[in-house]
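File shown: start_1.cif. Contents: mmCIF, N, CA and C atoms.
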```cif
data_query
#
loop_
_atom_site.label_atom_id
_atom_site.label_comp_id
_atom_site.auth_asym_id
_atom_site.auth_seq_id
_atom_site.Cartn_x
_atom_site.Cartn_y
_atom_site.Cartn_z
N MET A 1352 -69.84 198.48 111.44
CA MET A 1352 -70.44 197.84 112.59
C MET A 1352 -71.13 198.89 113.44
N LYS A 1353 -72.24 198.52 114.02
CA LYS A 1353 -72.99 199.44 114.87
C LYS A 1353 -72.29 199.61 116.21
N ARG A 1354 -72.30 200.85 116.68
CA ARG A 1354 -71.65 201.19 117.95
C ARG A 1354 -72.52 200.70 119.11
N PRO A 1355 -71.94 199.96 120.07
CA PRO A 1355 -72.70 199.52 121.25
C PRO A 1355 -73.13 200.71 122.11
N GLY A 1356 -74.19 200.53 122.86
CA GLY A 1356 -74.72 201.59 123.72
C GLY A 1356 -73.75 202.04 124.79
N ILE A 1357 -72.96 201.11 125.33
CA ILE A 1357 -72.01 201.48 126.38
C ILE A 1357 -70.92 202.40 125.83
N ILE A 1358 -70.54 202.19 124.57
CA ILE A 1358 -69.54 203.06 123.94
C ILE A 1358 -70.14 204.46 123.73
N SER A 1359 -71.40 204.51 123.34
CA SER A 1359 -72.07 205.81 123.19
C SER A 1359 -72.13 206.55 124.52
N ALA A 1360 -72.44 205.82 125.59
CA ALA A 1360 -72.49 206.43 126.92
C ALA A 1360 -71.12 206.96 127.35
N ILE A 1361 -70.07 206.20 127.07
CA ILE A 1361 -68.72 206.65 127.40
C ILE A 1361 -68.38 207.93 126.64
N CYS A 1362 -68.76 207.98 125.37
CA CYS A 1362 -68.49 209.18 124.56
C CYS A 1362 -69.25 210.39 125.09
N ILE A 1363 -70.50 210.21 125.44
CA ILE A 1363 -71.30 211.32 125.97
C ILE A 1363 -70.72 211.82 127.28
N ILE A 1364 -70.32 210.90 128.16
CA ILE A 1364 -69.69 211.30 129.41
C ILE A 1364 -68.36 212.02 129.12
N GLY A 1365 -67.62 211.53 128.13
CA GLY A 1365 -66.37 212.18 127.75
C GLY A 1365 -66.59 213.59 127.22
N TYR A 1366 -67.64 213.77 126.39
CA TYR A 1366 -67.96 215.11 125.88
C TYR A 1366 -68.35 216.05 127.02
N LEU A 1367 -69.15 215.56 127.95
CA LEU A 1367 -69.55 216.40 129.09
C LEU A 1367 -68.34 216.76 129.95
N THR A 1368 -67.44 215.82 130.12
CA THR A 1368 -66.22 216.09 130.89
C THR A 1368 -65.39 217.18 130.22
N VAL A 1369 -65.27 217.12 128.92
CA VAL A 1369 -64.51 218.14 128.19
C VAL A 1369 -65.18 219.51 128.34
N VAL A 1370 -66.51 219.54 128.25
CA VAL A 1370 -67.23 220.81 128.38
C VAL A 1370 -66.98 221.44 129.75
N PHE A 1371 -66.92 220.62 130.79
CA PHE A 1371 -66.73 221.16 132.13
C PHE A 1371 -65.27 221.42 132.48
N THR A 1372 -64.33 220.73 131.83
CA THR A 1372 -62.92 220.94 132.15
C THR A 1372 -62.27 222.01 131.28
N PHE A 1373 -62.84 222.30 130.12
CA PHE A 1373 -62.22 223.30 129.24
C PHE A 1373 -62.11 224.68 129.90
N PRO A 1374 -63.12 225.16 130.64
CA PRO A 1374 -62.95 226.46 131.30
C PRO A 1374 -61.81 226.49 132.34
N GLN A 1375 -61.42 225.34 132.85
CA GLN A 1375 -60.33 225.30 133.82
C GLN A 1375 -59.00 225.67 133.18
N VAL A 1376 -58.91 225.57 131.85
CA VAL A 1376 -57.67 225.94 131.16
C VAL A 1376 -57.35 227.41 131.44
N PHE A 1377 -58.38 228.23 131.57
CA PHE A 1377 -58.21 229.66 131.77
C PHE A 1377 -58.32 230.09 133.23
N SER A 1378 -58.38 229.14 134.14
CA SER A 1378 -58.57 229.48 135.55
C SER A 1378 -57.27 230.00 136.17
N PRO A 1379 -57.40 230.83 137.18
CA PRO A 1379 -56.21 231.35 137.87
C PRO A 1379 -55.38 230.24 138.53
N ALA A 1380 -56.04 229.16 138.95
CA ALA A 1380 -55.30 228.08 139.60
C ALA A 1380 -54.30 227.43 138.64
N ILE A 1381 -54.69 227.27 137.39
CA ILE A 1381 -53.78 226.69 136.39
C ILE A 1381 -52.70 227.71 136.01
N LYS A 1382 -53.08 228.98 135.92
CA LYS A 1382 -52.11 230.02 135.56
C LYS A 1382 -51.02 230.18 136.63
N LYS A 1383 -51.37 229.93 137.88
CA LYS A 1383 -50.39 230.03 138.97
C LYS A 1383 -49.31 228.96 138.88
N LEU A 1384 -49.61 227.86 138.20
CA LEU A 1384 -48.66 226.74 138.13
C LEU A 1384 -47.47 227.03 137.23
N GLY A 1385 -47.63 227.95 136.29
CA GLY A 1385 -46.53 228.28 135.41
C GLY A 1385 -47.02 228.93 134.13
N VAL A 1386 -46.07 229.41 133.37
CA VAL A 1386 -46.39 230.14 132.14
C VAL A 1386 -47.01 229.23 131.09
N PHE A 1387 -46.45 228.04 130.91
CA PHE A 1387 -46.91 227.15 129.86
C PHE A 1387 -47.95 226.13 130.33
N MET A 1388 -48.28 226.13 131.59
CA MET A 1388 -49.22 225.14 132.11
C MET A 1388 -50.62 225.25 131.50
N PRO A 1389 -51.18 226.44 131.28
CA PRO A 1389 -52.49 226.49 130.62
C PRO A 1389 -52.46 225.89 129.21
N ALA A 1390 -51.37 226.11 128.49
CA ALA A 1390 -51.27 225.55 127.14
C ALA A 1390 -51.17 224.03 127.18
N ILE A 1391 -50.36 223.52 128.09
CA ILE A 1391 -50.22 222.06 128.22
C ILE A 1391 -51.53 221.43 128.64
N TYR A 1392 -52.21 222.04 129.60
CA TYR A 1392 -53.49 221.50 130.05
C TYR A 1392 -54.52 221.59 128.94
N GLY A 1393 -54.49 222.66 128.15
CA GLY A 1393 -55.40 222.79 127.02
C GLY A 1393 -55.18 221.71 125.98
N ILE A 1394 -53.92 221.36 125.74
CA ILE A 1394 -53.62 220.27 124.79
C ILE A 1394 -54.15 218.94 125.32
N LEU A 1395 -54.03 218.72 126.62
CA LEU A 1395 -54.54 217.47 127.21
C LEU A 1395 -56.06 217.39 127.10
N VAL A 1396 -56.75 218.50 127.35
CA VAL A 1396 -58.21 218.51 127.23
C VAL A 1396 -58.63 218.31 125.78
N ALA A 1397 -57.92 218.96 124.86
CA ALA A 1397 -58.23 218.81 123.43
C ALA A 1397 -57.99 217.37 122.95
N SER A 1398 -56.93 216.74 123.43
CA SER A 1398 -56.67 215.36 123.03
C SER A 1398 -57.74 214.42 123.57
N ASN A 1399 -58.26 214.71 124.74
CA ASN A 1399 -59.35 213.91 125.29
C ASN A 1399 -60.60 214.05 124.42
N PHE A 1400 -60.88 215.27 123.95
CA PHE A 1400 -62.02 215.49 123.08
C PHE A 1400 -61.85 214.76 121.74
N ILE A 1401 -60.66 214.86 121.16
CA ILE A 1401 -60.40 214.18 119.88
C ILE A 1401 -60.50 212.67 120.04
N ALA A 1402 -60.04 212.15 121.18
CA ALA A 1402 -60.17 210.72 121.45
C ALA A 1402 -61.63 210.30 121.51
N CYS A 1403 -62.46 211.11 122.13
CA CYS A 1403 -63.89 210.79 122.21
C CYS A 1403 -64.53 210.80 120.83
N VAL A 1404 -64.09 211.69 119.96
CA VAL A 1404 -64.60 211.71 118.59
C VAL A 1404 -64.21 210.41 117.87
N GLY A 1405 -62.98 209.98 118.03
CA GLY A 1405 -62.55 208.73 117.43
C GLY A 1405 -63.30 207.53 117.97
N ILE A 1406 -63.57 207.52 119.25
CA ILE A 1406 -64.33 206.42 119.85
C ILE A 1406 -65.77 206.46 119.36
N TRP A 1407 -66.33 207.65 119.20
CA TRP A 1407 -67.71 207.79 118.71
C TRP A 1407 -67.85 207.17 117.32
N PHE A 1408 -66.81 207.35 116.49
CA PHE A 1408 -66.84 206.76 115.15
C PHE A 1408 -66.32 205.33 115.14
N TYR A 1409 -66.11 204.77 116.33
CA TYR A 1409 -65.74 203.37 116.52
C TYR A 1409 -64.41 203.05 115.84
N LYS A 1410 -63.41 203.88 116.11
CA LYS A 1410 -62.09 203.73 115.53
C LYS A 1410 -61.08 203.35 116.61
N GLN A 1411 -60.13 202.50 116.24
CA GLN A 1411 -59.12 202.06 117.20
C GLN A 1411 -58.21 203.20 117.63
N TRP A 1412 -57.93 204.14 116.75
CA TRP A 1412 -57.05 205.25 117.13
C TRP A 1412 -57.67 206.10 118.23
N GLY A 1413 -59.00 206.11 118.33
CA GLY A 1413 -59.65 206.84 119.41
C GLY A 1413 -59.33 206.24 120.77
N VAL A 1414 -59.35 204.92 120.83
CA VAL A 1414 -59.02 204.23 122.09
C VAL A 1414 -57.55 204.46 122.43
N GLN A 1415 -56.69 204.36 121.43
CA GLN A 1415 -55.26 204.57 121.67
C GLN A 1415 -54.99 205.98 122.19
N LEU A 1416 -55.62 206.99 121.56
CA LEU A 1416 -55.43 208.36 121.99
C LEU A 1416 -56.04 208.59 123.38
N TYR A 1417 -57.15 207.93 123.69
CA TYR A 1417 -57.77 208.06 125.01
C TYR A 1417 -56.82 207.53 126.09
N ILE A 1418 -56.19 206.40 125.83
CA ILE A 1418 -55.25 205.83 126.80
C ILE A 1418 -54.03 206.74 126.97
N ILE A 1419 -53.50 207.23 125.85
CA ILE A 1419 -52.35 208.13 125.93
C ILE A 1419 -52.70 209.41 126.69
N SER A 1420 -53.87 209.98 126.39
CA SER A 1420 -54.25 211.22 127.07
C SER A 1420 -54.53 210.99 128.55
N PHE A 1421 -55.05 209.81 128.91
CA PHE A 1421 -55.26 209.48 130.32
C PHE A 1421 -53.93 209.47 131.07
N PHE A 1422 -52.93 208.77 130.51
CA PHE A 1422 -51.64 208.70 131.19
C PHE A 1422 -50.94 210.05 131.20
N ALA A 1423 -51.08 210.82 130.11
CA ALA A 1423 -50.45 212.14 130.08
C ALA A 1423 -51.08 213.08 131.10
N LYS A 1424 -52.41 213.04 131.21
CA LYS A 1424 -53.09 213.90 132.19
C LYS A 1424 -52.75 213.47 133.61
N THR A 1425 -52.69 212.17 133.85
CA THR A 1425 -52.31 211.68 135.17
C THR A 1425 -50.89 212.10 135.52
N LEU A 1426 -49.97 211.97 134.57
CA LEU A 1426 -48.59 212.40 134.80
C LEU A 1426 -48.53 213.90 135.06
N PHE A 1427 -49.32 214.68 134.34
CA PHE A 1427 -49.37 216.13 134.52
C PHE A 1427 -49.76 216.47 135.96
N PHE A 1428 -50.83 215.84 136.45
CA PHE A 1428 -51.30 216.15 137.80
C PHE A 1428 -50.36 215.60 138.88
N VAL A 1429 -49.75 214.45 138.63
CA VAL A 1429 -48.82 213.88 139.62
C VAL A 1429 -47.56 214.73 139.73
N LEU A 1430 -47.01 215.16 138.58
CA LEU A 1430 -45.81 215.98 138.62
C LEU A 1430 -46.05 217.33 139.28
N LEU A 1431 -47.28 217.86 139.14
CA LEU A 1431 -47.60 219.13 139.77
C LEU A 1431 -48.15 218.96 141.18
N GLN A 1432 -48.28 217.72 141.62
CA GLN A 1432 -48.80 217.37 142.94
C GLN A 1432 -50.16 218.01 143.19
N GLN A 1433 -51.04 217.89 142.20
CA GLN A 1433 -52.40 218.43 142.28
C GLN A 1433 -53.37 217.28 142.50
N TYR A 1434 -53.50 216.85 143.73
CA TYR A 1434 -54.39 215.75 144.07
C TYR A 1434 -55.65 216.31 144.71
N SER A 1435 -56.77 215.85 144.25
CA SER A 1435 -58.05 216.24 144.86
C SER A 1435 -59.01 215.07 144.69
N GLY A 1436 -60.17 215.22 145.25
CA GLY A 1436 -61.18 214.16 145.13
C GLY A 1436 -61.57 213.93 143.68
N SER A 1437 -61.67 214.99 142.91
CA SER A 1437 -62.06 214.84 141.51
C SER A 1437 -60.96 214.12 140.70
N PHE A 1438 -59.70 214.31 141.10
CA PHE A 1438 -58.61 213.61 140.42
C PHE A 1438 -58.77 212.10 140.58
N TYR A 1439 -59.07 211.65 141.79
CA TYR A 1439 -59.22 210.22 142.03
C TYR A 1439 -60.47 209.66 141.38
N ILE A 1440 -61.57 210.40 141.42
CA ILE A 1440 -62.81 209.94 140.79
C ILE A 1440 -62.63 209.83 139.28
N ASN A 1441 -62.01 210.85 138.66
CA ASN A 1441 -61.77 210.81 137.22
C ASN A 1441 -60.82 209.69 136.84
N SER A 1442 -59.84 209.43 137.67
CA SER A 1442 -58.89 208.35 137.38
C SER A 1442 -59.58 206.99 137.42
N VAL A 1443 -60.39 206.77 138.43
CA VAL A 1443 -61.11 205.49 138.54
C VAL A 1443 -62.07 205.32 137.37
N LEU A 1444 -62.83 206.36 137.04
CA LEU A 1444 -63.75 206.29 135.90
C LEU A 1444 -63.00 206.02 134.60
N SER A 1445 -61.88 206.68 134.41
CA SER A 1445 -61.10 206.49 133.18
C SER A 1445 -60.57 205.06 133.07
N VAL A 1446 -60.12 204.50 134.17
CA VAL A 1446 -59.63 203.12 134.14
C VAL A 1446 -60.76 202.16 133.81
N ILE A 1447 -61.94 202.39 134.36
CA ILE A 1447 -63.11 201.56 134.04
C ILE A 1447 -63.44 201.69 132.55
N PHE A 1448 -63.43 202.92 132.04
CA PHE A 1448 -63.72 203.15 130.63
C PHE A 1448 -62.68 202.47 129.74
N ILE A 1449 -61.42 202.50 130.15
CA ILE A 1449 -60.37 201.88 129.36
C ILE A 1449 -60.59 200.37 129.27
N PHE A 1450 -60.96 199.73 130.37
CA PHE A 1450 -61.22 198.29 130.34
C PHE A 1450 -62.40 197.97 129.42
N ILE A 1451 -63.44 198.79 129.47
CA ILE A 1451 -64.59 198.57 128.58
C ILE A 1451 -64.19 198.78 127.13
N LEU A 1452 -63.43 199.84 126.86
CA LEU A 1452 -63.02 200.12 125.49
C LEU A 1452 -62.10 199.03 124.95
N LEU A 1453 -61.22 198.51 125.79
CA LEU A 1453 -60.32 197.44 125.34
C LEU A 1453 -61.09 196.16 125.02
N ARG A 1454 -62.23 195.97 125.66
CA ARG A 1454 -63.06 194.81 125.36
C ARG A 1454 -63.61 194.88 123.94
N TYR A 1455 -63.96 196.08 123.49
CA TYR A 1455 -64.50 196.28 122.16
C TYR A 1455 -63.44 196.65 121.12
N TYR A 1456 -62.21 196.81 121.55
CA TYR A 1456 -61.13 197.26 120.66
C TYR A 1456 -60.96 196.39 119.42
N PRO A 1457 -60.95 195.05 119.52
CA PRO A 1457 -60.74 194.24 118.31
C PRO A 1457 -61.86 194.42 117.27
N LYS A 1458 -63.04 194.81 117.69
CA LYS A 1458 -64.17 194.95 116.76
C LYS A 1458 -64.17 196.33 116.07
N MET A 1459 -63.33 197.23 116.55
CA MET A 1459 -63.31 198.59 115.99
C MET A 1459 -62.55 198.63 114.68
N SER A 1460 -62.85 199.66 113.89
CA SER A 1460 -62.21 199.83 112.58
C SER A 1460 -60.77 200.32 112.75
N GLN A 1461 -59.88 199.76 111.95
CA GLN A 1461 -58.48 200.18 111.97
C GLN A 1461 -58.24 201.37 111.06
N ASN A 1462 -59.15 201.64 110.16
CA ASN A 1462 -58.98 202.72 109.19
C ASN A 1462 -59.16 204.07 109.86
N LEU A 1463 -58.57 205.09 109.24
CA LEU A 1463 -58.75 206.45 109.74
C LEU A 1463 -60.10 206.90 109.31
#
```

Now, as a test, write the supplied structure out as structure tokens.
Amino acid sequence: MKRPGIISAICIIGYLTVVFTFPQVFSPAIKKLGVFMPAIYGILVASNFIACVGIWFYKQWGVQLYIISFFAKTLFFVLLQQYSGSFYINSVLSVIFIFILLRYYPKMSQNL
């Protein structure tokens, strides 16, 4: 099945988000939070990228991984009490994207 344009736009926005958030893995602000925090944050960013790849290929596992990574990243920031304007903007955008993705979820391929 052909991928709808809105799904392509979500993937492109997701790729751009990963490009801009990946350097934060090595930032001093993340390193100050703890020894393993850069590694955990790096795994969260990588899972977001992998989810976007799955969504790009119109696979259901991409949507599932996107939802899991959204909740994991939200839990990460809430437990560390790292609230900022970008946290709220990204959360709202992610929830909107999740609703759009769930609308197209039944039409996506179940195969890997």

Original post:
Any idea what the distance is between atom CA of Phe1427 of chain A and atom CA of Met1459 of chain A?
Top reply: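 Between atom CA of Phe1427 of chain A and atom CA of Met1459 of chain A the gap is 29.1 Å.
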
**OP:** Tell me which of A:Tyr1434, A:Tyr1366, A:Phe1373, A:Tyr1409 sits closest to Ala1397 of chain A, counting all atoms listed in the file.
**Re:**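 Of A:Tyr1434, A:Tyr1366, A:Phe1373, A:Tyr1409, the one nearest Ala1397 of chain A is A:Phe1373, counting all atoms listed in the file.
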
**OP:** Enumerate as number ranges by chain all residues of segment 1352-1432 of chain A assigned to alpha helix (DSSP H) by DSSP on the backbone, naming them with the chain letters and numbers the document uses.
**Re:** A: 1356-1372, 1379-1384, 1388-1407, 1411-1430

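Between atom C of Gln1411 of chain A and atom C of Thr1372 of chain A the interatomic distance comes to 23.6 Å.
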
**OP:** List the neighbours of Asn1399 of chain A out to 6.5 Å using only N, CA and C atoms; skip same-chain residues closer than 5 positions along the sequence, and give me the result as number ranges by chain.
**Re:** A: 1394, 1404, 1417, 1420

Original post:
By how many Å are atom CA of Phe1421 of chain A and atom N of Leu1444 of chain A apart?
Top reply: 10.6 Å

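Using only C-alpha atoms, the nearest neighbour of Gln1461 of chain A within the list A:Val1386, A:Cys1362, A:Val1414, A:Ile1391 is A:Val1414.
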
Axis-aligned box for all listed atoms of segment 1432-1438 of chain A, 4 Å per side, centre and edges in Å to one decimal, as JSON:
```
{"center_x": -55.2, "center_y": 215.3, "center_z": 142.8, "size_x": 21.8, "size_y": 14.3, "size_z": 12.8}
```

Original post:
When the PyMOL selection byres (((chain A and resi 1431 and name CA) around 12) and name CA) is applied to the file above, which residues end up in the set, as a PyMOL selection string?
Top reply: chain A and resi 1380-1381+1383-1385+1388+1392+1424-1430+1432-1435

**OP:** Give the answer as one residue: which of A:Gly1365, A:Pro1374, A:Pro1379, A:Pro1389 has the shortest atom-to-atom distance to Gly1405 of chain A, using only C-alpha atoms?
**Re:**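 Once distances to Gly1405 of chain A are computed over only C-alpha atoms, the minimum belongs to A:Gly1365.
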
If you apply the PyMOL selection byres (((chain A and resi 1452-1454 and name CA) around 10) and name CA) to this file, what residues do you get, as an mmCIF file with N, CA and C atoms, in the coordinates of the input?
```cif
data_model
loop_
_atom_site.group_PDB
_atom_site.id
_atom_site.type_symbol
_atom_site.label_atom_id
_atom_site.label_comp_id
_atom_site.auth_asym_id
_atom_site.auth_seq_id
_atom_site.Cartn_x
_atom_site.Cartn_y
_atom_site.Cartn_z
ATOM 1 N N ILE A 1357 -72.960 201.110 125.330
ATOM 2 C CA ILE A 1357 -72.010 201.480 126.380
ATOM 3 C C ILE A 1357 -70.920 202.400 125.830
ATOM 4 N N ILE A 1358 -70.540 202.190 124.570
ATOM 5 C CA ILE A 1358 -69.540 203.060 123.940
ATOM 6 C C ILE A 1358 -70.140 204.460 123.730
ATOM 7 N N ILE A 1361 -70.070 206.200 127.070
ATOM 8 C CA ILE A 1361 -68.720 206.650 127.400
ATOM 9 C C ILE A 1361 -68.380 207.930 126.640
ATOM 10 N N ILE A 1406 -63.570 207.520 119.250
ATOM 11 C CA ILE A 1406 -64.330 206.420 119.850
ATOM 12 C C ILE A 1406 -65.770 206.460 119.360
ATOM 13 N N TYR A 1409 -66.110 204.770 116.330
ATOM 14 C CA TYR A 1409 -65.740 203.370 116.520
ATOM 15 C C TYR A 1409 -64.410 203.050 115.840
ATOM 16 N N GLN A 1411 -60.130 202.500 116.240
ATOM 17 C CA GLN A 1411 -59.120 202.060 117.200
ATOM 18 C C GLN A 1411 -58.210 203.200 117.630
ATOM 19 N N GLY A 1413 -59.000 206.110 118.330
ATOM 20 C CA GLY A 1413 -59.650 206.840 119.410
ATOM 21 C C GLY A 1413 -59.330 206.240 120.770
ATOM 22 N N VAL A 1414 -59.350 204.920 120.830
ATOM 23 C CA VAL A 1414 -59.020 204.230 122.090
ATOM 24 C C VAL A 1414 -57.550 204.460 122.430
ATOM 25 N N GLN A 1415 -56.690 204.360 121.430
ATOM 26 C CA GLN A 1415 -55.260 204.570 121.670
ATOM 27 C C GLN A 1415 -54.990 205.980 122.190
ATOM 28 N N TYR A 1417 -57.150 207.930 123.690
ATOM 29 C CA TYR A 1417 -57.770 208.060 125.010
ATOM 30 C C TYR A 1417 -56.820 207.530 126.090
ATOM 31 N N ILE A 1418 -56.190 206.400 125.830
ATOM 32 C CA ILE A 1418 -55.250 205.830 126.800
ATOM 33 C C ILE A 1418 -54.030 206.740 126.970
ATOM 34 N N VAL A 1446 -60.120 204.500 134.170
ATOM 35 C CA VAL A 1446 -59.630 203.120 134.140
ATOM 36 C C VAL A 1446 -60.760 202.160 133.810
ATOM 37 N N ILE A 1447 -61.940 202.390 134.360
ATOM 38 C CA ILE A 1447 -63.110 201.560 134.040
ATOM 39 C C ILE A 1447 -63.440 201.690 132.550
ATOM 40 N N PHE A 1448 -63.430 202.920 132.040
ATOM 41 C CA PHE A 1448 -63.720 203.150 130.630
ATOM 42 C C PHE A 1448 -62.680 202.470 129.740
ATOM 43 N N ILE A 1449 -61.420 202.500 130.150
ATOM 44 C CA ILE A 1449 -60.370 201.880 129.360
ATOM 45 C C ILE A 1449 -60.590 200.370 129.270
ATOM 46 N N PHE A 1450 -60.960 199.730 130.370
ATOM 47 C CA PHE A 1450 -61.220 198.290 130.340
ATOM 48 C C PHE A 1450 -62.400 197.970 129.420
ATOM 49 N N ILE A 1451 -63.440 198.790 129.470
ATOM 50 C CA ILE A 1451 -64.590 198.570 128.580
ATOM 51 C C ILE A 1451 -64.190 198.780 127.130
ATOM 52 N N TYR A 1455 -63.960 196.080 123.490
ATOM 53 C CA TYR A 1455 -64.500 196.280 122.160
ATOM 54 C C TYR A 1455 -63.440 196.650 121.120
ATOM 55 N N TYR A 1456 -62.210 196.810 121.550
ATOM 56 C CA TYR A 1456 -61.130 197.260 120.660
ATOM 57 C C TYR A 1456 -60.960 196.390 119.420
ATOM 58 N N PRO A 1457 -60.950 195.050 119.520
ATOM 59 C CA PRO A 1457 -60.740 194.240 118.310
ATOM 60 C C PRO A 1457 -61.860 194.420 117.270
ATOM 61 N N LYS A 1458 -63.040 194.810 117.690
ATOM 62 C CA LYS A 1458 -64.170 194.950 116.760
ATOM 63 C C LYS A 1458 -64.170 196.330 116.070
ATOM 64 N N MET A 1459 -63.330 197.230 116.550
ATOM 65 C CA MET A 1459 -63.310 198.590 115.990
ATOM 66 C C MET A 1459 -62.550 198.630 114.680
#
```

Export segment 1433-1449 of chain A from the structure block above, keeping N, CA and C atoms, as a JSON list (two decimals), in the first residue's frame.
```json
[["chain", "number", "residue", "atom", "x", "y", "z"],
["A", 1433, "GLN", "N", 13.00, 17.32, 34.44],
["A", 1433, "GLN", "CA", 13.56, 18.20, 33.41],
["A", 1433, "GLN", "C", 12.42, 18.72, 32.55],
["A", 1434, "TYR", "N", 11.75, 19.75, 33.02],
["A", 1434, "TYR", "CA", 10.64, 20.33, 32.30],
["A", 1434, "TYR", "C", 11.09, 21.62, 31.64],
["A", 1435, "SER", "N", 10.77, 21.77, 30.39],
["A", 1435, "SER", "CA", 11.07, 23.02, 29.69],
["A", 1435, "SER", "C", 9.98, 23.21, 28.63],
["A", 1436, "GLY", "N", 10.06, 24.32, 27.95],
["A", 1436, "GLY", "CA", 9.08, 24.59, 26.90],
["A", 1436, "GLY", "C", 9.15, 23.57, 25.79],
["A", 1437, "SER", "N", 10.36, 23.15, 25.45],
["A", 1437, "SER", "CA", 10.50, 22.16, 24.37],
["A", 1437, "SER", "C", 9.93, 20.80, 24.78],
["A", 1438, "PHE", "N", 9.99, 20.48, 26.07],
["A", 1438, "PHE", "CA", 9.41, 19.23, 26.55],
["A", 1438, "PHE", "C", 7.91, 19.21, 26.29],
["A", 1439, "TYR", "N", 7.23, 20.31, 26.61],
["A", 1439, "TYR", "CA", 5.79, 20.37, 26.42],
["A", 1439, "TYR", "C", 5.42, 20.41, 24.94],
["A", 1440, "ILE", "N", 6.16, 21.15, 24.14],
["A", 1440, "ILE", "CA", 5.88, 21.21, 22.70],
["A", 1440, "ILE", "C", 6.07, 19.85, 22.06],
["A", 1441, "ASN", "N", 7.17, 19.16, 22.39],
["A", 1441, "ASN", "CA", 7.42, 17.82, 21.84],
["A", 1441, "ASN", "C", 6.37, 16.82, 22.30],
["A", 1442, "SER", "N", 5.92, 16.95, 23.52],
["A", 1442, "SER", "CA", 4.89, 16.04, 24.02],
["A", 1442, "SER", "C", 3.57, 16.23, 23.28],
["A", 1443, "VAL", "N", 3.18, 17.47, 23.09],
["A", 1443, "VAL", "CA", 1.93, 17.74, 22.37],
["A", 1443, "VAL", "C", 2.03, 17.26, 20.93],
["A", 1444, "LEU", "N", 3.14, 17.55, 20.26],
["A", 1444, "LEU", "CA", 3.33, 17.09, 18.88],
["A", 1444, "LEU", "C", 3.31, 15.56, 18.80],
["A", 1445, "SER", "N", 3.95, 14.91, 19.74],
["A", 1445, "SER", "CA", 3.99, 13.44, 19.73],
["A", 1445, "SER", "C", 2.60, 12.85, 19.94],
["A", 1446, "VAL", "N", 1.81, 13.43, 20.81],
["A", 1446, "VAL", "CA", 0.45, 12.93, 21.02],
["A", 1446, "VAL", "C", -0.39, 13.11, 19.76],
["A", 1447, "ILE", "N", -0.23, 14.24, 19.08],
["A", 1447, "ILE", "CA", -0.95, 14.46, 17.82],
["A", 1447, "ILE", "C", -0.50, 13.43, 16.79],
["A", 1448, "PHE", "N", 0.80, 13.19, 16.69],
["A", 1448, "PHE", "CA", 1.32, 12.20, 15.75],
["A", 1448, "PHE", "C", 0.81, 10.81, 16.08],
["A", 1449, "ILE", "N", 0.72, 10.48, 17.35],
["A", 1449, "ILE", "CA", 0.23, 9.16, 17.75],
["A", 1449, "ILE", "C", -1.22, 8.98, 17.31]]
```
